[in-house]
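A.B. asks: Just dropping this structure here.
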Amino acid sequence: MSLRSVTLLGSTGSIGTQAIDVISRHPDRFRVDAISAGGANAELLAQQAMALGVQRVGVADPARAAEVEAALAARAQRAGDRPVDVLVGPDAATELAGAGSDVVLNGITGSVGLGPTLAALGAGSTLALANKESLVVGGVLVQDARQRPDQIVPVDSEHSAIAQALRSGRREEVRRLVLTASGGPFRGWARDDVKAVSPQQALAHPTWAMGPVVTINSATLMNKGLELIEAHLLFDVPTDEIAVVVHPQSVVHSMVEFVDGSTIAQASPPDMRLPIALGLSWPDRLGEVAAGCDWTAATAWTFEPLDEALFPAVGLAREAASASATHPAVYNAANEECVAAFLEGRIGFLDIVATVERVLGEHQGTSRAAVSLDDVTAAETWARARAHEILAQR
């Protein structure tokens with residue numbers, strides 16, 4: 001594999017910092033051209049920029065720009081380097097994504113990642129996609145923006161597992177995809193017991209260390225609903241041919257079942273550096289990225305059916321994917337508003353999915369043949385406003 005240029009979006013977050021760890025251990029494979037972040041952690045962003053020798057830094061929050069620029073200037077002065085160029089504002093990541101790096105890793109959280117996703121695809125870059133929301137929200141717009149079949153490489157562990165397993169057969173040989181879910185911190189709980197859980201309890205994920213929004217989404221299994229829609233769009237598989245199974249150990253990251261009865265699973269100890277590395281190097285593999293399974297120790301993996309009564313978010317995702325081109329955007333936007341309200345203590349845990357269901361039920365939708373970016377944006381704006389109205393009544 002030749003040297004690849006990389007742009008990292010969301011560099012100070014969990015995905016971004018782990019990507020930098022992978023890149024730093026393979027300096028002969030990657031050169032980082034640019035990084036971007038919100039700007040809340042100015043010192044870390046400046047440290048990353050200097051360590052990686054980037055040409056440009058994006059800062060999404062204008063209020064944080066001066067602090068980031070000062071940190072960059074101080075580090076550059078100490079190192080005797082020239083200050084890097086700083087792009088400021090909500091479109092900074094989109095501009096960087098469209099600059100033509102070989103690989104753009106989109107590790108931004110939320111639907112704000114749609115602009116950078118479309119920009120990276122439009123520039124012909126390989127898109128290492130950790131921002132599932134942009135595909136869920138953009139839907140056919142993202143599909144149509146692809147210039148080649150393998151231009152989007154999934155970084156979610158589940159979709160990376162499916163992409164690897166799909167190498168075992170042709171598309172017409174696939175019977176179904178099987179997404180695995182840890183079950184989150186409330187697996188096995190009764191619905192009545194979940195009503196009063198606190199944000200702190202919901203943030204205590206049993207397997208993964210993630211940001212607050214993704215962690216709450218994992219607790220409600222809204223994350224699995226988003227992943228189901230993402231798998232449907234990424235791999236062109238109908239939603240009724242995508243199953244979800246609970247696997248508490250989080251070692252089997254997902255599976256593909258073929259028409260002859262064979263099931264191919266990808267297994268590894270939970271470590272996001274593995275799918276991140278594949279996103280950067282696809283279709284090649286890098287050496288010594290993460291520890292493999294220890295086959296010398298006795299262990300057991302269990303699989304359980306999903307409790308649809310406790311976790312209705314997955315069923316809602318199937319309905320949203322089938323309803324119209326803009327229903328998935330509404331599903332995601334309403335959820336983002338509800339998660340923010342829950343983290344602030346304004347609503348209960350079960351109110352999250354209940355509110356999303358109500359907002360979805362009121363949305364008129366736009367057909368796939370007629371959808372535009374303006375339609376998606378309008379649907380998101382409406383969903384956020386409607387969710388606010390409903391939450392204010394609680």
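For the structure tokens, the naming scheme is as follows: chains receive sequential letters (A, B, ...) according to their order of presentation, residues are indexed from 1 within each chain, and ligands are indexed from 1 in presentation order.
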Do you know which residues are at most 10 Å from Ser250 in chain A counting only C-alpha atoms, after dropping those on the same chain fewer than 5 positions away, and could you put them as a tab-separated table (two decimals) with C-alpha atoms, in the first residue's frame?

C.D. replies:
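This went into selection.tsv:
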chain	number	residue	atom	x	y	z
A	157	SER	CA	-17.49	-2.14	14.31
A	158	GLU	CA	-20.70	-3.86	13.19
A	180	THR	CA	-24.97	-7.89	17.12
A	181	ALA	CA	-25.83	-5.65	20.08
A	182	SER	CA	-24.33	-5.68	23.56
A	183	GLY	CA	-27.77	-4.97	25.02
A	206	PRO	CA	-20.79	-2.43	30.01
A	207	THR	CA	-18.40	-2.82	27.05
A	208	TRP	CA	-17.49	0.31	25.09
A	267	ALA	CA	-14.65	-11.73	16.01
A	268	SER	CA	-12.13	-9.75	18.03
A	269	PRO	CA	-11.91	-8.27	21.53
A	270	PRO	CA	-13.68	-4.88	21.69
A	271	ASP	CA	-11.21	-2.35	20.27
A	301	TRP	CA	-20.08	-16.36	23.88
A	302	THR	CA	-23.83	-16.07	24.26

A.B. asks: Which neighbours of range 44-59 of chain A fall inside 8 Å, counting only C-alpha atoms, when residues of the same chain fewer than 3 positions from it are skipped, and could you give them as a PDB file with all heavy atoms, in the first residue's frame?

C.D. replies:
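Result saved to result-v8.pdb:
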ATOM      1  N   SER A  11     -11.176  15.084  15.363  1.00  0.00           N
ATOM      2  CA  SER A  11      -9.888  14.505  15.784  1.00  0.00           C
ATOM      3  C   SER A  11      -9.725  14.396  17.289  1.00  0.00           C
ATOM      4  O   SER A  11      -8.951  13.555  17.763  1.00  0.00           O
ATOM      5  CB  SER A  11      -8.728  15.317  15.204  1.00  0.00           C
ATOM      6  OG  SER A  11      -8.690  16.628  15.756  1.00  0.00           O
ATOM      7  N   THR A  12     -10.423  15.236  18.061  1.00  0.00           N
ATOM      8  CA  THR A  12     -10.242  15.183  19.515  1.00  0.00           C
ATOM      9  C   THR A  12     -11.224  14.247  20.205  1.00  0.00           C
ATOM     10  O   THR A  12     -11.159  14.062  21.421  1.00  0.00           O
ATOM     11  CB  THR A  12     -10.368  16.590  20.138  1.00  0.00           C
ATOM     12  OG1 THR A  12     -11.665  17.124  19.832  1.00  0.00           O
ATOM     13  CG2 THR A  12      -9.295  17.520  19.599  1.00  0.00           C
ATOM     14  N   ARG A  31      -0.058  10.069   5.823  1.00  0.00           N
ATOM     15  CA  ARG A  31       0.306  11.461   6.070  1.00  0.00           C
ATOM     16  C   ARG A  31      -0.990  12.223   6.324  1.00  0.00           C
ATOM     17  O   ARG A  31      -1.918  12.196   5.516  1.00  0.00           O
ATOM     18  CB  ARG A  31       1.000  12.058   4.841  1.00  0.00           C
ATOM     19  CG  ARG A  31       1.423  13.520   5.029  1.00  0.00           C
ATOM     20  CD  ARG A  31       1.848  14.178   3.729  1.00  0.00           C
ATOM     21  NE  ARG A  31       0.707  14.519   2.875  1.00  0.00           N
ATOM     22  CZ  ARG A  31       0.491  14.022   1.676  1.00  0.00           C
ATOM     23  NH1 ARG A  31       1.313  13.104   1.167  1.00  0.00           N
ATOM     24  NH2 ARG A  31      -0.564  14.395   0.965  1.00  0.00           N
ATOM     25  N   VAL A  32      -1.074  12.912   7.463  1.00  0.00           N
ATOM     26  CA  VAL A  32      -2.295  13.643   7.803  1.00  0.00           C
ATOM     27  C   VAL A  32      -2.181  15.070   7.284  1.00  0.00           C
ATOM     28  O   VAL A  32      -1.289  15.822   7.686  1.00  0.00           O
ATOM     29  CB  VAL A  32      -2.546  13.633   9.322  1.00  0.00           C
ATOM     30  CG1 VAL A  32      -3.837  14.378   9.645  1.00  0.00           C
ATOM     31  CG2 VAL A  32      -2.632  12.190   9.835  1.00  0.00           C
ATOM     32  N   ASP A  33      -3.100  15.451   6.385  1.00  0.00           N
ATOM     33  CA  ASP A  33      -3.103  16.790   5.807  1.00  0.00           C
ATOM     34  C   ASP A  33      -3.829  17.798   6.682  1.00  0.00           C
ATOM     35  O   ASP A  33      -3.427  18.966   6.769  1.00  0.00           O
ATOM     36  CB  ASP A  33      -3.789  16.773   4.430  1.00  0.00           C
ATOM     37  CG  ASP A  33      -2.967  16.055   3.370  1.00  0.00           C
ATOM     38  OD1 ASP A  33      -1.740  15.914   3.572  1.00  0.00           O
ATOM     39  OD2 ASP A  33      -3.547  15.643   2.357  1.00  0.00           O
ATOM     40  N   ALA A  34      -4.944  17.377   7.287  1.00  0.00           N
ATOM     41  CA  ALA A  34      -5.780  18.315   8.030  1.00  0.00           C
ATOM     42  C   ALA A  34      -6.552  17.584   9.113  1.00  0.00           C
ATOM     43  O   ALA A  34      -6.837  16.387   8.995  1.00  0.00           O
ATOM     44  CB  ALA A  34      -6.751  19.029   7.085  1.00  0.00           C
ATOM     45  N   ILE A  35      -6.888  18.317  10.174  1.00  0.00           N
ATOM     46  CA  ILE A  35      -7.734  17.796  11.235  1.00  0.00           C
ATOM     47  C   ILE A  35      -8.782  18.849  11.577  1.00  0.00           C
ATOM     48  O   ILE A  35      -8.591  20.042  11.311  1.00  0.00           O
ATOM     49  CB  ILE A  35      -6.934  17.431  12.508  1.00  0.00           C
ATOM     50  CG1 ILE A  35      -6.189  18.651  13.070  1.00  0.00           C
ATOM     51  CG2 ILE A  35      -5.963  16.289  12.222  1.00  0.00           C
ATOM     52  CD1 ILE A  35      -5.452  18.383  14.383  1.00  0.00           C
ATOM     53  N   SER A  36      -9.894  18.403  12.147  1.00  0.00           N
ATOM     54  CA  SER A  36     -10.918  19.351  12.585  1.00  0.00           C
ATOM     55  C   SER A  36     -11.592  18.841  13.841  1.00  0.00           C
ATOM     56  O   SER A  36     -11.606  17.636  14.110  1.00  0.00           O
ATOM     57  CB  SER A  36     -11.962  19.578  11.486  1.00  0.00           C
ATOM     58  OG  SER A  36     -12.899  18.517  11.459  1.00  0.00           O
ATOM     59  N   ALA A  37     -12.147  19.779  14.602  1.00  0.00           N
ATOM     60  CA  ALA A  37     -12.895  19.441  15.819  1.00  0.00           C
ATOM     61  C   ALA A  37     -13.783  20.621  16.158  1.00  0.00           C
ATOM     62  O   ALA A  37     -13.703  21.683  15.529  1.00  0.00           O
ATOM     63  CB  ALA A  37     -11.938  19.122  16.976  1.00  0.00           C
ATOM     64  N   GLY A  38     -14.626  20.436  17.174  1.00  0.00           N
ATOM     65  CA  GLY A  38     -15.487  21.528  17.600  1.00  0.00           C
ATOM     66  C   GLY A  38     -14.695  22.691  18.160  1.00  0.00           C
ATOM     67  O   GLY A  38     -15.032  23.852  17.960  1.00  0.00           O
ATOM     68  N   GLY A  39     -13.612  22.364  18.902  1.00  0.00           N
ATOM     69  CA  GLY A  39     -12.753  23.389  19.475  1.00  0.00           C
ATOM     70  C   GLY A  39     -12.790  23.469  20.985  1.00  0.00           C
ATOM     71  O   GLY A  39     -12.073  24.264  21.590  1.00  0.00           O
ATOM     72  N   ASN A  41     -11.652  21.424  23.160  1.00  0.00           N
ATOM     73  CA  ASN A  41     -10.371  21.010  23.732  1.00  0.00           C
ATOM     74  C   ASN A  41      -9.247  21.610  22.885  1.00  0.00           C
ATOM     75  O   ASN A  41      -8.610  20.935  22.083  1.00  0.00           O
ATOM     76  CB  ASN A  41     -10.277  19.482  23.755  1.00  0.00           C
ATOM     77  CG  ASN A  41      -9.182  18.987  24.678  1.00  0.00           C
ATOM     78  OD1 ASN A  41      -8.202  19.690  24.934  1.00  0.00           O
ATOM     79  ND2 ASN A  41      -9.333  17.770  25.168  1.00  0.00           N
ATOM     80  N   PRO A  62     -17.048  29.062  16.317  1.00  0.00           N
ATOM     81  CA  PRO A  62     -16.318  30.334  16.218  1.00  0.00           C
ATOM     82  C   PRO A  62     -15.903  30.888  17.579  1.00  0.00           C
ATOM     83  O   PRO A  62     -14.875  31.578  17.683  1.00  0.00           O
ATOM     84  CB  PRO A  62     -17.323  31.266  15.522  1.00  0.00           C
ATOM     85  CG  PRO A  62     -18.239  30.356  14.769  1.00  0.00           C
ATOM     86  CD  PRO A  62     -18.364  29.130  15.635  1.00  0.00           C
ATOM     87  N   ARG A  64     -14.664  29.368  19.933  1.00  0.00           N
ATOM     88  CA  ARG A  64     -13.457  28.684  20.409  1.00  0.00           C
ATOM     89  C   ARG A  64     -12.232  28.991  19.552  1.00  0.00           C
ATOM     90  O   ARG A  64     -11.115  28.558  19.865  1.00  0.00           O
ATOM     91  CB  ARG A  64     -13.676  27.167  20.392  1.00  0.00           C
ATOM     92  CG  ARG A  64     -14.878  26.693  21.197  1.00  0.00           C
ATOM     93  CD  ARG A  64     -14.577  26.679  22.663  1.00  0.00           C
ATOM     94  NE  ARG A  64     -15.640  26.068  23.428  1.00  0.00           N
ATOM     95  CZ  ARG A  64     -15.579  25.798  24.722  1.00  0.00           C
ATOM     96  NH1 ARG A  64     -14.492  26.090  25.400  1.00  0.00           N
ATOM     97  NH2 ARG A  64     -16.599  25.248  25.353  1.00  0.00           N
ATOM     98  N   ALA A  65     -12.430  29.704  18.450  1.00  0.00           N
ATOM     99  CA  ALA A  65     -11.363  29.881  17.465  1.00  0.00           C
ATOM    100  C   ALA A  65     -10.139  30.587  18.044  1.00  0.00           C
ATOM    101  O   ALA A  65      -8.995  30.173  17.819  1.00  0.00           O
ATOM    102  CB  ALA A  65     -11.896  30.641  16.259  1.00  0.00           C
ATOM    103  N   VAL A  68      -8.063  28.304  20.195  1.00  0.00           N
ATOM    104  CA  VAL A  68      -7.333  27.322  19.394  1.00  0.00           C
ATOM    105  C   VAL A  68      -6.160  27.976  18.679  1.00  0.00           C
ATOM    106  O   VAL A  68      -5.044  27.442  18.662  1.00  0.00           O
ATOM    107  CB  VAL A  68      -8.281  26.654  18.376  1.00  0.00           C
ATOM    108  CG1 VAL A  68      -7.486  25.764  17.416  1.00  0.00           C
ATOM    109  CG2 VAL A  68      -9.345  25.838  19.089  1.00  0.00           C
ATOM    110  N   ALA A  71      -3.339  28.618  21.107  1.00  0.00           N
ATOM    111  CA  ALA A  71      -2.645  27.379  21.467  1.00  0.00           C
ATOM    112  C   ALA A  71      -1.753  26.907  20.332  1.00  0.00           C
ATOM    113  O   ALA A  71      -0.616  26.453  20.557  1.00  0.00           O
ATOM    114  CB  ALA A  71      -3.664  26.299  21.828  1.00  0.00           C
ATOM    115  N   LEU A  72      -2.240  27.022  19.097  1.00  0.00           N
ATOM    116  CA  LEU A  72      -1.435  26.630  17.935  1.00  0.00           C
ATOM    117  C   LEU A  72      -0.213  27.524  17.787  1.00  0.00           C
ATOM    118  O   LEU A  72       0.901  27.045  17.527  1.00  0.00           O
ATOM    119  CB  LEU A  72      -2.289  26.700  16.670  1.00  0.00           C
ATOM    120  CG  LEU A  72      -3.283  25.568  16.445  1.00  0.00           C
ATOM    121  CD1 LEU A  72      -4.287  25.946  15.360  1.00  0.00           C
ATOM    122  CD2 LEU A  72      -2.550  24.280  16.064  1.00  0.00           C
ATOM    123  N   ARG A  75       2.450  26.713  20.469  1.00  0.00           N
ATOM    124  CA  ARG A  75       3.174  25.474  20.180  1.00  0.00           C
ATOM    125  C   ARG A  75       4.093  25.643  18.974  1.00  0.00           C
ATOM    126  O   ARG A  75       5.207  25.114  18.954  1.00  0.00           O
ATOM    127  CB  ARG A  75       2.192  24.329  19.959  1.00  0.00           C
ATOM    128  CG  ARG A  75       1.576  23.803  21.240  1.00  0.00           C
ATOM    129  CD  ARG A  75       0.703  22.585  21.018  1.00  0.00           C
ATOM    130  NE  ARG A  75       0.295  22.009  22.288  1.00  0.00           N
ATOM    131  CZ  ARG A  75       1.000  21.080  22.951  1.00  0.00           C
ATOM    132  NH1 ARG A  75       2.127  20.633  22.448  1.00  0.00           N
ATOM    133  NH2 ARG A  75       0.566  20.606  24.101  1.00  0.00           N
ATOM    134  N   ALA A  76       3.648  26.360  17.968  1.00  0.00           N
ATOM    135  CA  ALA A  76       4.478  26.584  16.784  1.00  0.00           C
ATOM    136  C   ALA A  76       5.720  27.395  17.133  1.00  0.00           C
ATOM    137  O   ALA A  76       6.820  27.123  16.631  1.00  0.00           O
ATOM    138  CB  ALA A  76       3.662  27.294  15.706  1.00  0.00           C
ATOM    139  N   VAL A  84      -0.118  26.925  11.577  1.00  0.00           N
ATOM    140  CA  VAL A  84      -0.926  26.281  10.539  1.00  0.00           C
ATOM    141  C   VAL A  84      -2.116  27.175  10.199  1.00  0.00           C
ATOM    142  O   VAL A  84      -2.488  28.070  10.968  1.00  0.00           O
ATOM    143  CB  VAL A  84      -1.423  24.897  10.991  1.00  0.00           C
ATOM    144  CG1 VAL A  84      -0.254  23.988  11.324  1.00  0.00           C
ATOM    145  CG2 VAL A  84      -2.360  25.016  12.188  1.00  0.00           C
ATOM    146  N   ASP A  85      -2.719  26.937   9.046  1.00  0.00           N
ATOM    147  CA  ASP A  85      -3.914  27.675   8.654  1.00  0.00           C
ATOM    148  C   ASP A  85      -5.110  27.156   9.450  1.00  0.00           C
ATOM    149  O   ASP A  85      -5.278  25.947   9.620  1.00  0.00           O
ATOM    150  CB  ASP A  85      -4.185  27.496   7.163  1.00  0.00           C
ATOM    151  CG  ASP A  85      -3.084  28.114   6.302  1.00  0.00           C
ATOM    152  OD1 ASP A  85      -2.468  29.094   6.758  1.00  0.00           O
ATOM    153  OD2 ASP A  85      -2.845  27.612   5.194  1.00  0.00           O
ATOM    154  N   VAL A  86      -5.953  28.063   9.927  1.00  0.00           N
ATOM    155  CA  VAL A  86      -7.116  27.689  10.715  1.00  0.00           C
ATOM    156  C   VAL A  86      -8.387  28.115   9.977  1.00  0.00           C
ATOM    157  O   VAL A  86      -8.539  29.281   9.611  1.00  0.00           O
ATOM    158  CB  VAL A  86      -7.091  28.341  12.114  1.00  0.00           C
ATOM    159  CG1 VAL A  86      -8.327  27.934  12.918  1.00  0.00           C
ATOM    160  CG2 VAL A  86      -5.821  27.939  12.864  1.00  0.00           C
ATOM    161  N   LEU A  87      -9.276  27.159   9.744  1.00  0.00           N
ATOM    162  CA  LEU A  87     -10.581  27.425   9.157  1.00  0.00           C
ATOM    163  C   LEU A  87     -11.602  27.422  10.282  1.00  0.00           C
ATOM    164  O   LEU A  87     -11.577  26.524  11.132  1.00  0.00           O
ATOM    165  CB  LEU A  87     -10.953  26.362   8.126  1.00  0.00           C
ATOM    166  CG  LEU A  87     -10.280  26.416   6.751  1.00  0.00           C
ATOM    167  CD1 LEU A  87      -8.800  26.073   6.851  1.00  0.00           C
ATOM    168  CD2 LEU A  87     -10.959  25.464   5.787  1.00  0.00           C
ATOM    169  N   VAL A  88     -12.497  28.398  10.291  1.00  0.00           N
ATOM    170  CA  VAL A  88     -13.418  28.565  11.412  1.00  0.00           C
ATOM    171  C   VAL A  88     -14.861  28.558  10.919  1.00  0.00           C
ATOM    172  O   VAL A  88     -15.178  29.133   9.868  1.00  0.00           O
ATOM    173  CB  VAL A  88     -13.135  29.882  12.159  1.00  0.00           C
ATOM    174  CG1 VAL A  88     -14.127  30.065  13.310  1.00  0.00           C
ATOM    175  CG2 VAL A  88     -11.704  29.904  12.679  1.00  0.00           C
ATOM    176  N   GLY A  89     -15.723  27.904  11.678  1.00  0.00           N
ATOM    177  CA  GLY A  89     -17.151  27.941  11.390  1.00  0.00           C
ATOM    178  C   GLY A  89     -17.719  26.568  11.104  1.00  0.00           C
ATOM    179  O   GLY A  89     -16.986  25.590  10.944  1.00  0.00           O
ATOM    180  N   PRO A  90     -19.044  26.468  11.036  1.00  0.00           N
ATOM    181  CA  PRO A  90     -19.693  25.169  10.850  1.00  0.00           C
ATOM    182  C   PRO A  90     -19.374  24.499   9.524  1.00  0.00           C
ATOM    183  O   PRO A  90     -19.565  23.289   9.385  1.00  0.00           O
ATOM    184  CB  PRO A  90     -21.190  25.506  10.958  1.00  0.00           C
ATOM    185  CG  PRO A  90     -21.277  26.979  10.691  1.00  0.00           C
ATOM    186  CD  PRO A  90     -20.008  27.566  11.205  1.00  0.00           C
ATOM    187  N   ALA A  92     -16.296  24.518   8.188  1.00  0.00           N
ATOM    188  CA  ALA A  92     -14.852  24.255   8.118  1.00  0.00           C
ATOM    189  C   ALA A  92     -14.572  22.795   7.803  1.00  0.00           C
ATOM    190  O   ALA A  92     -13.737  22.477   6.945  1.00  0.00           O
ATOM    191  CB  ALA A  92     -14.189  24.648   9.437  1.00  0.00           C
ATOM    192  N   ALA A  93     -15.265  21.888   8.471  1.00  0.00           N
ATOM    193  CA  ALA A  93     -15.041  20.457   8.236  1.00  0.00           C
ATOM    194  C   ALA A  93     -15.425  20.073   6.813  1.00  0.00           C
ATOM    195  O   ALA A  93     -14.766  19.237   6.186  1.00  0.00           O
ATOM    196  CB  ALA A  93     -15.828  19.626   9.243  1.00  0.00           C
ATOM    197  N   LEU A  96     -12.624  21.132   4.463  1.00  0.00           N
ATOM    198  CA  LEU A  96     -11.474  20.236   4.591  1.00  0.00           C
ATOM    199  C   LEU A  96     -11.772  18.880   3.951  1.00  0.00           C
ATOM    200  O   LEU A  96     -10.921  18.288   3.290  1.00  0.00           O
ATOM    201  CB  LEU A  96     -11.109  20.051   6.056  1.00  0.00           C
ATOM    202  CG  LEU A  96     -10.573  21.282   6.783  1.00  0.00           C
ATOM    203  CD1 LEU A  96     -10.314  20.964   8.251  1.00  0.00           C
ATOM    204  CD2 LEU A  96      -9.299  21.807   6.124  1.00  0.00           C
TER     205      LEU A  96
END

A.B. asks: Out of A:Ala74, A:Leu278, A:Ile216, A:Met210, which residue has the shortest atom-to-atom distance to Ala128 in chain A when counting only C-alpha atoms?

C.D. replies: A:Leu278

A.B. asks: I'd like the neighbourhood of range 371-373 of chain A as an mmCIF file with C-alpha atoms, in the first residue's frame, where a residue qualifies if any of its atoms comes within 8 Å (using only C-alpha atoms), though same-chain residues fewer than 2 positions away should be ignored.

C.D. replies:
data_model
loop_
_atom_site.group_PDB
_atom_site.id
_atom_site.type_symbol
_atom_site.label_atom_id
_atom_site.label_comp_id
_atom_site.auth_asym_id
_atom_site.auth_seq_id
_atom_site.Cartn_x
_atom_site.Cartn_y
_atom_site.Cartn_z
ATOM 1 C CA GLY A 138 -28.686 11.671 3.720
ATOM 2 C CA LEU A 141 -28.281 11.520 -1.507
ATOM 3 C CA ALA A 325 -36.691 9.167 2.134
ATOM 4 C CA THR A 326 -36.946 11.692 4.975
ATOM 5 C CA THR A 366 -40.816 12.722 0.840
ATOM 6 C CA SER A 367 -40.480 10.078 -1.867
ATOM 7 C CA ARG A 368 -37.053 8.744 -2.717
ATOM 8 C CA ALA A 369 -37.396 9.810 -6.350
ATOM 9 C CA ASP A 375 -36.036 18.322 1.833
ATOM 10 C CA VAL A 376 -33.754 16.519 4.254
ATOM 11 C CA THR A 377 -32.790 19.763 5.989
#

A.B. asks: Tell me which protein, DNA and RNA residues are within 10 Å of range 382-387 of chain A, counting only C-alpha atoms, leaving out same-chain ones fewer than 3 positions away, and put them as a PyMOL selection string.

C.D. replies: chain A and resi 327+329-338+352+355-356+358-360+362-363+376-379+390-392

A.B. asks: Enumerate as a PyMOL selection string all residues of range 3-218 of chain A assigned to alpha helix (DSSP H) by DSSP on the backbone, naming them with the chain letters and numbers the document uses.

C.D. replies: chain A and resi 14-24+42-52+65-79+92-97+114-122+132-138+140-145+157-165+191-194+199-202+212-218

A.B. asks: Skipping near chain neighbours, those fewer than 5 positions away, what residues fall within 12 Å of Phe303 in chain A using only C-alpha atoms, listed as an MDAnalysis selection string?

C.D. replies: chainID A and resid 178:183 244:254

A.B. asks: May I have the residues within 12 Å of Leu280 in chain A as JSON, numbers by chain, using only C-alpha atoms and disregarding those fewer than 6 positions away in the same chain?

C.D. replies: {"A": [1, 3, 4, 5, 6, 7, 8, 16, 18, 19, 20, 22, 23, 26, 29, 30, 31, 32, 101, 102, 103, 104, 105, 106, 125, 126, 127, 128, 129, 130, 151, 152, 153, 154, 155, 160, 273, 274, 286, 289]}

A.B. asks: Could you tell me how far CA of Ala196 in chain A lies from CA of Asp307 in chain A, in Å and to one decimal?

C.D. replies: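 Computing the Euclidean distance for CA of Ala196 in chain A and CA of Asp307 in chain A yields 18.8 Å.
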
A.B. asks: Write out as a list in words which residues come within 9 Å of Thr117 in chain A when counting only C-alpha atoms, dropping same-chain ones fewer than 2 positions away.

C.D. replies: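 The contact residues come out as Thr94, Ala97, Gly98, Val104, Asn106, Gly113, Leu114, Gly115, Ala119, Ala120, Leu121, Gly122, Leu127, Leu129, Asn131, Ser134, Leu135 and Val142 of chain A.
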
A.B. asks: Residues of range 141-188 of chain A that approach range 259-262 of chain A to 8 Å or less, counting only C-alpha atoms: could you list each one with the shortest pair of atoms and its distance in Å to one decimal, rows by chain and increasing residue number, as CSV?

C.D. replies:
residue,atom,partner,partner_atom,distance
A:Glu173,CA,A:Val259,CA,5.5
A:Val174,CA,A:Val259,CA,5.8
A:Arg175,CA,A:Val259,CA,5.0

A.B. asks: Which one of A:Asp81, A:Asp150, A:Asp294, A:Asp374 sits closest to Trp282 in chain A if you count only C-alpha atoms?

C.D. replies: A:Asp150

A.B. asks: What residues in range 30-232 of chain A get the DSSP label strand (DSSP E or B)? Please answer as a PyMOL selection string.

C.D. replies: chain A and resi 30-37+56-59+85-88+103-106+126-129+152-154+174-181
